[in-house]
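> I have a structure here, written as C-alpha cells, and I will follow up with some questions on it.
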Amino acid sequence: MKELKIFGIVIVFTLVLYWGVEPFAHSQMHKHVEGDGFAYSDLKAVTVKGDAKRGETLAAACIGCHSIEAKSMPAPMNAVASAEAYGVNPPDLSMAGALLDEKYLTHFLLNPAEVTKSKHFAMPPSAGSEQDAADIVAYLQSFAPKEVKPKEAYEFACGRCHANRYGNWTQIGDVPKTKSNIKTGVDLDALKFQGNLGIYQNKLADYMGKLPPDLSIIIRARSEHFLETLIEDPQSQLPGTAMPRVGVTKEGFEKVREYLEETGDPSKPARESIGKWVILFFVGFTILAFFWKKEKWHGHH
C-alpha cells in the first residue's frame with residue numbers, strides 16, 4: 001500500500017502544479033482580455049430595416065473595387081494590380097452577408113476606419129445614411145450561401161493578408177501545381193506565380209507597415225481564447241496593430257478556427273480519439289504491476 005500512497009501524492013502534486021501554478025504564471029505573464037462574444041457592443045443597434053432590392057442598386061458602386069462572384073460580377077483588377085492600387089486586394093463580397101455581423105457591416109459601410117479600429121484602413125464610406133447601409137446589407141444577405149466551408153471563411157476573413165503554407169495558401173490564392181519545361185528544366189509558371197506573389201507581398205507590407213505573419217501554426221502557438229479575442233478586436237490583444245477588426249460572427253470565427261486546426265493541427269482528432277485508450281492502458285498496467293509486485297514480494301517483508 002506504500003507504493004499506492006506515494007503514487008497518490010505524486011498525482012496530487014502534479015495536478016496542483018498543472019492547474020494551480022501554471023495558470024497563475026500565465027495570468028501574470030499575459031493580461032486577460034474579456035471577450036464580447038462577437039456582439040460588437042460598442043456599436044449602436046441598427047434601427048432601420050433593409051430593403052434588398054434598393055440595396056442592389058446602391059451596391060453597384062461596390063463593384064468598382066470588389067467582385068461578387070455569386071452574381072457573376074468579376075473583379076475589375078486581379079489581385080496584384082489591386083494591391084498596387086490599394087495596398088491589398090479587396091475581398092469578393094459573395095460571402096459577406098453570411099460571415100459578417102449585420103450590425104458591424106452596417107456601421108462599417110458608414111465609417112470603415114472607425115469601425116475597423118485601424119488607421120491603415122483606407123476604404124472610404126460606402127453609404128450615405130443608415131438606411132442606405134441597411135439596404136446594402138440586406139442585399140448582401142439575400143444571396144449569401146447558407147453554408148460556408150472553413151477554407152472559404154479563412155480566405156474571406158484572413159487570406160488576403162495572411163498566408164498559410166500548411167494549407168498551400170498564399171495571399172493571392174493556392175500555390176498552383178505546375179511542371180518544369182522538359183528541355184530547360186525551368187518551371188516558368190511557378191516563377192511567374194512567385195514573382196506576382198512577391199509584388200503583392202511587398203505592396204501589402206508597405207500598406208500594413210510589415211508583412212502579416214503566416215498562420216500555419218497559430219492554432220498551436222496561441223490559445224483559442226487569444227485567437228477569439230484577437231479576431232473579435234485586434235486592439236484588445238495587440239494595441240496599435242495595423243490589423244483591422246474584421247467583423248465576423250461567432251459562427252464565422254468557428255469556421256476560421258476549424259480551418260486553422262485542419263491545416264495546423266491535422267492529427268488532433270486522431271490524437272484525441274486514442275487518448276482515452278492510452279489512459280486505460282496505463283490504468284490497467286498500474287493494476288497489473290501492483291499485483292505482480294505484491295506476488296513477487298509476498299513473504300519477504
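Ligands are numbered from 1 in the order shown, residues from 1 within each chain, and chains are lettered A, B, ... in the order they appear in the C-alpha cells.
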Excluding Ile219 in chain A and residues on its chain fewer than 4 positions from it, collect all residues at most 8 Å away from it, counting only C-alpha atoms, and give them as a list in words.
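Final neighbour list, sorted by chain and number: Leu215, Ser223, Glu224, Leu227, Arg257, Leu260, Glu261, Gly264 and Asp265 of chain A.
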> Could you please take those selected residues and save C-alpha atoms as a PDB file, in the first residue's frame?

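Saved as result_32.pdb:
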ATOM      1  CA  LEU A 215      -0.833  31.485 -39.757  1.00  0.00           C
ATOM      2  CA  SER A 223      -4.808  29.640 -27.088  1.00  0.00           C
ATOM      3  CA  GLU A 224      -8.304  29.572 -28.534  1.00  0.00           C
ATOM      4  CA  LEU A 227      -7.434  33.854 -31.188  1.00  0.00           C
ATOM      5  CA  ARG A 257     -10.720  28.234 -36.266  1.00  0.00           C
ATOM      6  CA  LEU A 260      -6.637  26.615 -38.752  1.00  0.00           C
ATOM      7  CA  GLU A 261      -6.994  23.299 -36.930  1.00  0.00           C
ATOM      8  CA  GLY A 264      -2.052  23.495 -38.357  1.00  0.00           C
ATOM      9  CA  ASP A 265      -3.045  20.512 -36.216  1.00  0.00           C
TER      10      ASP A 265
END
> So which residues touch Leu99 in chain A within 7 Å, counting only C-alpha atoms, skipping near sequence neighbours fewer than 5 positions away, as a list of chain:residue names?
A:Val248, A:Thr249, A:Gly252
> Save out the residues we just selected, C-alpha atoms, as a PDB file, in the first residue's frame.

ATOM      1  CA  VAL A 248     -17.087  38.135 -38.371  1.00  0.00           C
ATOM      2  CA  THR A 249     -19.901  36.465 -36.449  1.00  0.00           C
ATOM      3  CA  GLY A 252     -17.685  32.793 -38.810  1.00  0.00           C
TER       4      GLY A 252
END
> Considering only C-alpha atoms, return as JSON, numbers by chain whatever protein or nucleic-acid residues lie within 9 Å of range 134-150 of chain A, sequence-local ones (same chain, fewer than 2 positions apart) excluded.
{"A": [46, 48, 49, 50, 51, 52, 53, 54, 55, 56, 57, 58, 59, 70, 71, 93, 94, 95, 96, 97, 98, 99, 102, 103, 105, 106, 107, 109, 127, 129, 130, 131, 132, 152, 153, 154, 155, 252, 254, 255, 256, 257, 258, 259, 260, 262]}
> Save the residues we just selected, N, CA and C atoms, as a tab-separated table (two decimals), in the first residue's frame?

chain	number	residue	atom	x	y	z
A	46	VAL	N	-28.93	48.75	-34.93
A	46	VAL	CA	-29.48	49.28	-36.18
A	46	VAL	C	-31.00	49.37	-36.03
A	48	VAL	N	-33.22	50.51	-38.45
A	48	VAL	CA	-33.99	50.50	-39.69
A	48	VAL	C	-33.93	49.12	-40.33
A	49	LYS	N	-34.92	48.81	-41.14
A	49	LYS	CA	-34.98	47.52	-41.84
A	49	LYS	C	-34.48	47.71	-43.27
A	50	GLY	N	-33.61	46.82	-43.70
A	50	GLY	CA	-33.02	46.95	-45.02
A	50	GLY	C	-33.94	46.46	-46.13
A	51	ASP	N	-33.78	47.07	-47.29
A	51	ASP	CA	-34.53	46.71	-48.49
A	51	ASP	C	-33.54	46.16	-49.51
A	52	ALA	N	-33.56	44.85	-49.73
A	52	ALA	CA	-32.57	44.20	-50.60
A	52	ALA	C	-32.65	44.72	-52.03
A	53	LYS	N	-33.84	45.00	-52.52
A	53	LYS	CA	-33.97	45.46	-53.90
A	53	LYS	C	-33.31	46.82	-54.08
A	54	ARG	N	-33.56	47.71	-53.15
A	54	ARG	CA	-32.92	49.03	-53.22
A	54	ARG	C	-31.42	48.88	-52.99
A	55	GLY	N	-31.05	47.95	-52.11
A	55	GLY	CA	-29.64	47.73	-51.83
A	55	GLY	C	-28.87	47.25	-53.05
A	56	GLU	N	-29.53	46.51	-53.93
A	56	GLU	CA	-28.87	46.04	-55.15
A	56	GLU	C	-28.43	47.22	-56.01
A	57	THR	N	-29.27	48.24	-56.08
A	57	THR	CA	-28.93	49.44	-56.84
A	57	THR	C	-27.77	50.18	-56.20
A	58	LEU	N	-27.82	50.31	-54.88
A	58	LEU	CA	-26.76	51.03	-54.17
A	58	LEU	C	-25.43	50.28	-54.23
A	59	ALA	N	-25.48	48.96	-54.24
A	59	ALA	CA	-24.26	48.15	-54.24
A	59	ALA	C	-23.52	48.20	-55.56
A	70	ALA	N	-20.83	35.43	-56.81
A	70	ALA	CA	-22.16	34.82	-56.71
A	70	ALA	C	-23.15	35.45	-57.67
A	71	LYS	N	-22.86	36.67	-58.09
A	71	LYS	CA	-23.71	37.39	-59.04
A	71	LYS	C	-23.04	37.55	-60.40
A	93	LEU	N	-17.38	39.81	-52.40
A	93	LEU	CA	-18.47	40.05	-51.45
A	93	LEU	C	-19.53	38.95	-51.42
A	94	SER	N	-19.27	37.84	-52.08
A	94	SER	CA	-20.27	36.77	-52.14
A	94	SER	C	-20.63	36.23	-50.76
A	95	MET	N	-19.68	36.21	-49.84
A	95	MET	CA	-19.92	35.62	-48.53
A	95	MET	C	-20.03	36.65	-47.41
A	96	ALA	N	-19.96	37.92	-47.76
A	96	ALA	CA	-20.00	38.96	-46.73
A	96	ALA	C	-21.27	38.87	-45.89
A	97	GLY	N	-22.40	38.61	-46.53
A	97	GLY	CA	-23.67	38.54	-45.81
A	97	GLY	C	-23.78	37.33	-44.91
A	98	ALA	N	-22.96	36.32	-45.15
A	98	ALA	CA	-23.02	35.10	-44.33
A	98	ALA	C	-22.03	35.13	-43.18
A	99	LEU	N	-20.87	35.77	-43.38
A	99	LEU	CA	-19.79	35.72	-42.39
A	99	LEU	C	-19.69	36.94	-41.50
A	102	GLU	N	-24.28	41.57	-38.90
A	102	GLU	CA	-25.15	42.55	-39.56
A	102	GLU	C	-24.94	43.96	-39.01
A	103	LYS	N	-24.86	44.09	-37.71
A	103	LYS	CA	-24.66	45.40	-37.11
A	103	LYS	C	-23.30	45.97	-37.47
A	105	LEU	N	-21.45	45.23	-40.11
A	105	LEU	CA	-21.39	45.54	-41.52
A	105	LEU	C	-22.13	46.84	-41.84
A	106	THR	N	-23.25	47.06	-41.18
A	106	THR	CA	-24.00	48.31	-41.40
A	106	THR	C	-23.16	49.52	-41.01
A	107	HIS	N	-22.56	49.48	-39.84
A	107	HIS	CA	-21.73	50.62	-39.39
A	107	HIS	C	-20.43	50.71	-40.19
A	109	LEU	N	-20.07	50.17	-43.37
A	109	LEU	CA	-20.36	50.88	-44.62
A	109	LEU	C	-20.45	52.39	-44.41
A	127	ALA	N	-21.86	54.25	-47.83
A	127	ALA	CA	-23.29	54.55	-47.68
A	127	ALA	C	-23.45	55.94	-47.08
A	129	SER	N	-26.30	57.03	-45.51
A	129	SER	CA	-27.17	57.04	-44.34
A	129	SER	C	-27.30	55.62	-43.79
A	130	GLU	N	-27.84	55.51	-42.61
A	130	GLU	CA	-28.04	54.20	-42.01
A	130	GLU	C	-28.99	53.36	-42.85
A	131	GLN	N	-29.98	54.00	-43.45
A	131	GLN	CA	-30.92	53.28	-44.30
A	131	GLN	C	-30.22	52.72	-45.54
A	132	ASP	N	-29.36	53.54	-46.16
A	132	ASP	CA	-28.59	53.06	-47.31
A	132	ASP	C	-27.74	51.85	-46.93
A	152	GLU	N	-13.16	28.59	-47.07
A	152	GLU	CA	-13.77	29.78	-47.65
A	152	GLU	C	-13.84	30.90	-46.62
A	153	ALA	N	-14.15	30.54	-45.38
A	153	ALA	CA	-14.20	31.55	-44.32
A	153	ALA	C	-12.82	32.13	-44.07
A	154	TYR	N	-11.80	31.29	-44.08
A	154	TYR	CA	-10.43	31.77	-43.87
A	154	TYR	C	-10.00	32.70	-45.00
A	155	GLU	N	-10.27	32.29	-46.22
A	155	GLU	CA	-9.88	33.10	-47.37
A	155	GLU	C	-10.53	34.48	-47.31
A	252	GLY	N	-18.77	32.55	-37.88
A	252	GLY	CA	-17.68	32.79	-38.81
A	252	GLY	C	-16.33	32.51	-38.19
A	254	GLU	N	-15.76	30.40	-35.77
A	254	GLU	CA	-15.63	28.96	-35.61
A	254	GLU	C	-15.17	28.30	-36.91
A	255	LYS	N	-15.64	28.82	-38.03
A	255	LYS	CA	-15.22	28.29	-39.33
A	255	LYS	C	-13.73	28.56	-39.56
A	256	VAL	N	-13.29	29.77	-39.22
A	256	VAL	CA	-11.87	30.11	-39.37
A	256	VAL	C	-11.02	29.23	-38.46
A	257	ARG	N	-11.45	29.07	-37.21
A	257	ARG	CA	-10.72	28.23	-36.27
A	257	ARG	C	-10.64	26.78	-36.76
A	258	GLU	N	-11.73	26.30	-37.33
A	258	GLU	CA	-11.76	24.94	-37.85
A	258	GLU	C	-10.74	24.75	-38.96
A	259	TYR	N	-10.62	25.75	-39.83
A	259	TYR	CA	-9.63	25.66	-40.91
A	259	TYR	C	-8.21	25.68	-40.34
A	260	LEU	N	-7.97	26.54	-39.36
A	260	LEU	CA	-6.64	26.61	-38.75
A	260	LEU	C	-6.27	25.29	-38.09
A	262	GLU	N	-7.49	22.32	-39.09
A	262	GLU	CA	-7.31	21.36	-40.18
A	262	GLU	C	-5.90	21.44	-40.76
> What gap, in Å, lies between CA of Pro266 in chain A and CA of Asp214 in chain A?
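Going from CA of Pro266 in chain A over to CA of Asp214 in chain A, I get 16.9 Å.
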> Residues at most 10 Å from Trp169 in chain A, counting only C-alpha atoms, excluding those fewer than 4 positions away in the same chain, as a list in words?
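The neighbour list is Lys151, Glu155, Gly159, Arg160, His162, Ala163, Asn164, Arg165, Gly173, Asp174, Val175, Pro176, Asp214 and Ser216 of chain A.
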> Pick out the residues sitting within 12 Å of Ala205 in chain A, and hand them over as a PyMOL selection string; count only C-alpha atoms, and ignore anything fewer than 2 positions along from it in its own chain.
chain A and resi 83-84+86-88+120+161-162+171+198-203+207-213+242-243
> Do a neighbour search on range 278-293 of chain A at 12 Å with only C-alpha atoms, toss out local chain neighbours closer than 3 positions, and write the hits as an MDAnalysis selection string.
chainID A and resid 1:4 7 271:275 296:300
> Per DSSP on the backbone, filter range 39-264 of chain A down to the residues in strand (DSSP E or B) and report them as a list in words.
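Of range 39-264 of chain A, the ones in strand (DSSP E or B) are Ile68, Met73, Leu100, Asn164, Trp169, Thr170, Gly173, Asp174 and Val248 of chain A.
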> Store the residues picked out above, limited to C-alpha atoms, as a short mmCIF file (atom, residue, chain, number, x, y, z; two decimals), in the first residue's frame.

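Below is the file out_36.cif, written as the result:
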data_model
loop_
_atom_site.label_atom_id
_atom_site.label_comp_id
_atom_site.auth_asym_id
_atom_site.auth_seq_id
_atom_site.Cartn_x
_atom_site.Cartn_y
_atom_site.Cartn_z
CA ILE A 68 -19.30 39.46 -56.44
CA MET A 73 -19.57 40.12 -61.31
CA LEU A 100 -20.03 39.32 -41.20
CA ASN A 164 -0.96 29.51 -44.65
CA TRP A 169 -2.39 29.08 -49.43
CA THR A 170 -0.79 32.42 -50.31
CA GLY A 173 -4.51 32.11 -53.83
CA ASP A 174 -3.48 28.47 -53.72
CA VAL A 248 -17.09 38.14 -38.37
#
> Identify all residues of range 60-272 of chain A in alpha helix (DSSP H) (DSSP on the backbone) and supply them as a PyMOL selection string.
chain A and resi 79-86+96-99+102-110+112-116+130-142+150-157+188-208+218-221+224-232+234-237+250-264+268-272
> Store the residues of this selection in a file with C-alpha atoms, as a JSON list (two decimals), in the first residue's frame.

[["chain", "number", "residue", "atom", "x", "y", "z"],
["A", 79, "ALA", "CA", -5.05, 40.60, -57.01],
["A", 80, "VAL", "CA", -1.62, 42.01, -57.89],
["A", 81, "ALA", "CA", -3.00, 45.05, -59.70],
["A", 82, "SER", "CA", -5.39, 45.68, -56.81],
["A", 83, "ALA", "CA", -2.52, 45.55, -54.32],
["A", 84, "GLU", "CA", -0.56, 48.00, -56.44],
["A", 85, "ALA", "CA", -3.56, 50.34, -56.42],
["A", 86, "TYR", "CA", -4.87, 49.90, -52.87],
["A", 96, "ALA", "CA", -20.00, 38.96, -46.73],
["A", 97, "GLY", "CA", -23.67, 38.54, -45.81],
["A", 98, "ALA", "CA", -23.02, 35.10, -44.33],
["A", 99, "LEU", "CA", -19.79, 35.72, -42.39],
["A", 102, "GLU", "CA", -25.15, 42.55, -39.56],
["A", 103, "LYS", "CA", -24.66, 45.40, -37.11],
["A", 104, "TYR", "CA", -20.93, 45.57, -37.76],
["A", 105, "LEU", "CA", -21.39, 45.54, -41.52],
["A", 106, "THR", "CA", -24.00, 48.31, -41.40],
["A", 107, "HIS", "CA", -21.73, 50.62, -39.39],
["A", 108, "PHE", "CA", -18.71, 49.56, -41.46],
["A", 109, "LEU", "CA", -20.36, 50.88, -44.62],
["A", 110, "LEU", "CA", -20.91, 54.21, -42.89],
["A", 112, "PRO", "CA", -14.91, 51.88, -42.21],
["A", 113, "ALA", "CA", -11.87, 53.42, -40.48],
["A", 114, "GLU", "CA", -13.67, 53.93, -37.16],
["A", 115, "VAL", "CA", -15.39, 50.54, -37.11],
["A", 116, "THR", "CA", -12.28, 48.54, -38.07],
["A", 130, "GLU", "CA", -28.04, 54.20, -42.01],
["A", 131, "GLN", "CA", -30.92, 53.28, -44.30],
["A", 132, "ASP", "CA", -28.59, 53.06, -47.31],
["A", 133, "ALA", "CA", -26.19, 50.85, -45.35],
["A", 134, "ALA", "CA", -29.00, 48.60, -44.12],
["A", 135, "ASP", "CA", -30.28, 48.21, -47.68],
["A", 136, "ILE", "CA", -26.84, 47.15, -48.95],
["A", 137, "VAL", "CA", -26.50, 44.68, -46.08],
["A", 138, "ALA", "CA", -29.92, 43.22, -46.88],
["A", 139, "TYR", "CA", -28.83, 42.79, -50.49],
["A", 140, "LEU", "CA", -25.57, 41.05, -49.50],
["A", 141, "GLN", "CA", -27.52, 38.74, -47.20],
["A", 142, "SER", "CA", -30.06, 37.91, -49.90],
["A", 150, "PRO", "CA", -13.86, 26.52, -43.30],
["A", 151, "LYS", "CA", -11.35, 27.33, -46.03],
["A", 152, "GLU", "CA", -13.77, 29.78, -47.65],
["A", 153, "ALA", "CA", -14.20, 31.55, -44.32],
["A", 154, "TYR", "CA", -10.43, 31.77, -43.87],
["A", 155, "GLU", "CA", -9.88, 33.10, -47.37],
["A", 156, "PHE", "CA", -12.52, 35.79, -46.88],
["A", 157, "ALA", "CA", -11.61, 36.88, -43.36],
["A", 188, "LEU", "CA", 8.14, 29.30, -65.88],
["A", 189, "ASP", "CA", 4.62, 29.18, -64.45],
["A", 190, "ALA", "CA", 5.96, 28.70, -60.92],
["A", 191, "LEU", "CA", 8.42, 31.55, -61.41],
["A", 192, "LYS", "CA", 5.66, 33.82, -62.68],
["A", 193, "PHE", "CA", 3.46, 32.96, -59.71],
["A", 194, "GLN", "CA", 6.28, 33.60, -57.23],
["A", 195, "GLY", "CA", 7.05, 36.90, -58.96],
["A", 196, "ASN", "CA", 3.43, 38.04, -58.67],
["A", 197, "LEU", "CA", 3.31, 36.88, -55.06],
["A", 198, "GLY", "CA", 6.44, 38.86, -54.28],
["A", 199, "ILE", "CA", 4.94, 42.02, -55.79],
["A", 200, "TYR", "CA", 1.74, 41.54, -53.80],
["A", 201, "GLN", "CA", 3.55, 40.88, -50.52],
["A", 202, "ASN", "CA", 5.77, 43.94, -50.97],
["A", 203, "LYS", "CA", 2.75, 46.17, -51.55],
["A", 204, "LEU", "CA", 0.93, 44.60, -48.62],
["A", 205, "ALA", "CA", 3.94, 45.14, -46.35],
["A", 206, "ASP", "CA", 4.08, 48.81, -47.38],
["A", 207, "TYR", "CA", 0.35, 49.18, -46.73],
["A", 208, "MET", "CA", 0.29, 47.42, -43.32],
["A", 218, "ILE", "CA", -1.01, 29.84, -34.89],
["A", 219, "ILE", "CA", -3.56, 27.32, -33.60],
["A", 220, "ARG", "CA", -0.78, 25.58, -31.65],
["A", 221, "ALA", "CA", 1.17, 28.70, -30.71],
["A", 224, "GLU", "CA", -8.30, 29.57, -28.53],
["A", 225, "HIS", "CA", -9.28, 32.45, -26.23],
["A", 226, "PHE", "CA", -6.43, 34.57, -27.60],
["A", 227, "LEU", "CA", -7.43, 33.85, -31.19],
["A", 228, "GLU", "CA", -11.10, 34.56, -30.47],
["A", 229, "THR", "CA", -10.47, 37.91, -28.80],
["A", 230, "LEU", "CA", -7.82, 38.86, -31.36],
["A", 231, "ILE", "CA", -10.13, 38.28, -34.31],
["A", 232, "GLU", "CA", -13.03, 39.91, -32.48],
["A", 234, "PRO", "CA", -7.27, 43.02, -32.61],
["A", 235, "GLN", "CA", -6.58, 46.12, -30.49],
["A", 236, "SER", "CA", -7.58, 44.25, -27.32],
["A", 237, "GLN", "CA", -4.65, 41.86, -27.64],
["A", 250, "LYS", "CA", -19.28, 33.83, -33.79],
["A", 251, "GLU", "CA", -20.12, 31.17, -36.39],
["A", 252, "GLY", "CA", -17.68, 32.79, -38.81],
["A", 253, "PHE", "CA", -14.91, 32.65, -36.23],
["A", 254, "GLU", "CA", -15.63, 28.96, -35.61],
["A", 255, "LYS", "CA", -15.22, 28.29, -39.33],
["A", 256, "VAL", "CA", -11.87, 30.11, -39.37],
["A", 257, "ARG", "CA", -10.72, 28.23, -36.27],
["A", 258, "GLU", "CA", -11.76, 24.94, -37.85],
["A", 259, "TYR", "CA", -9.63, 25.66, -40.91],
["A", 260, "LEU", "CA", -6.64, 26.61, -38.75],
["A", 261, "GLU", "CA", -6.99, 23.30, -36.93],
["A", 262, "GLU", "CA", -7.31, 21.36, -40.18],
["A", 263, "THR", "CA", -4.07, 22.84, -41.52],
["A", 264, "GLY", "CA", -2.05, 23.49, -38.36],
["A", 268, "LYS", "CA", -5.80, 16.43, -33.30],
["A", 269, "PRO", "CA", -8.88, 14.19, -33.97],
["A", 270, "ALA", "CA", -6.76, 11.04, -34.07],
["A", 271, "ARG", "CA", -4.83, 12.16, -31.00],
["A", 272, "GLU", "CA", -7.99, 12.81, -29.03]]
> Could you work out how far CA of Asp101 in chain A lies from CA of Asn89 in chain A, giving the answer in Å with one decimal?
21.2 Å
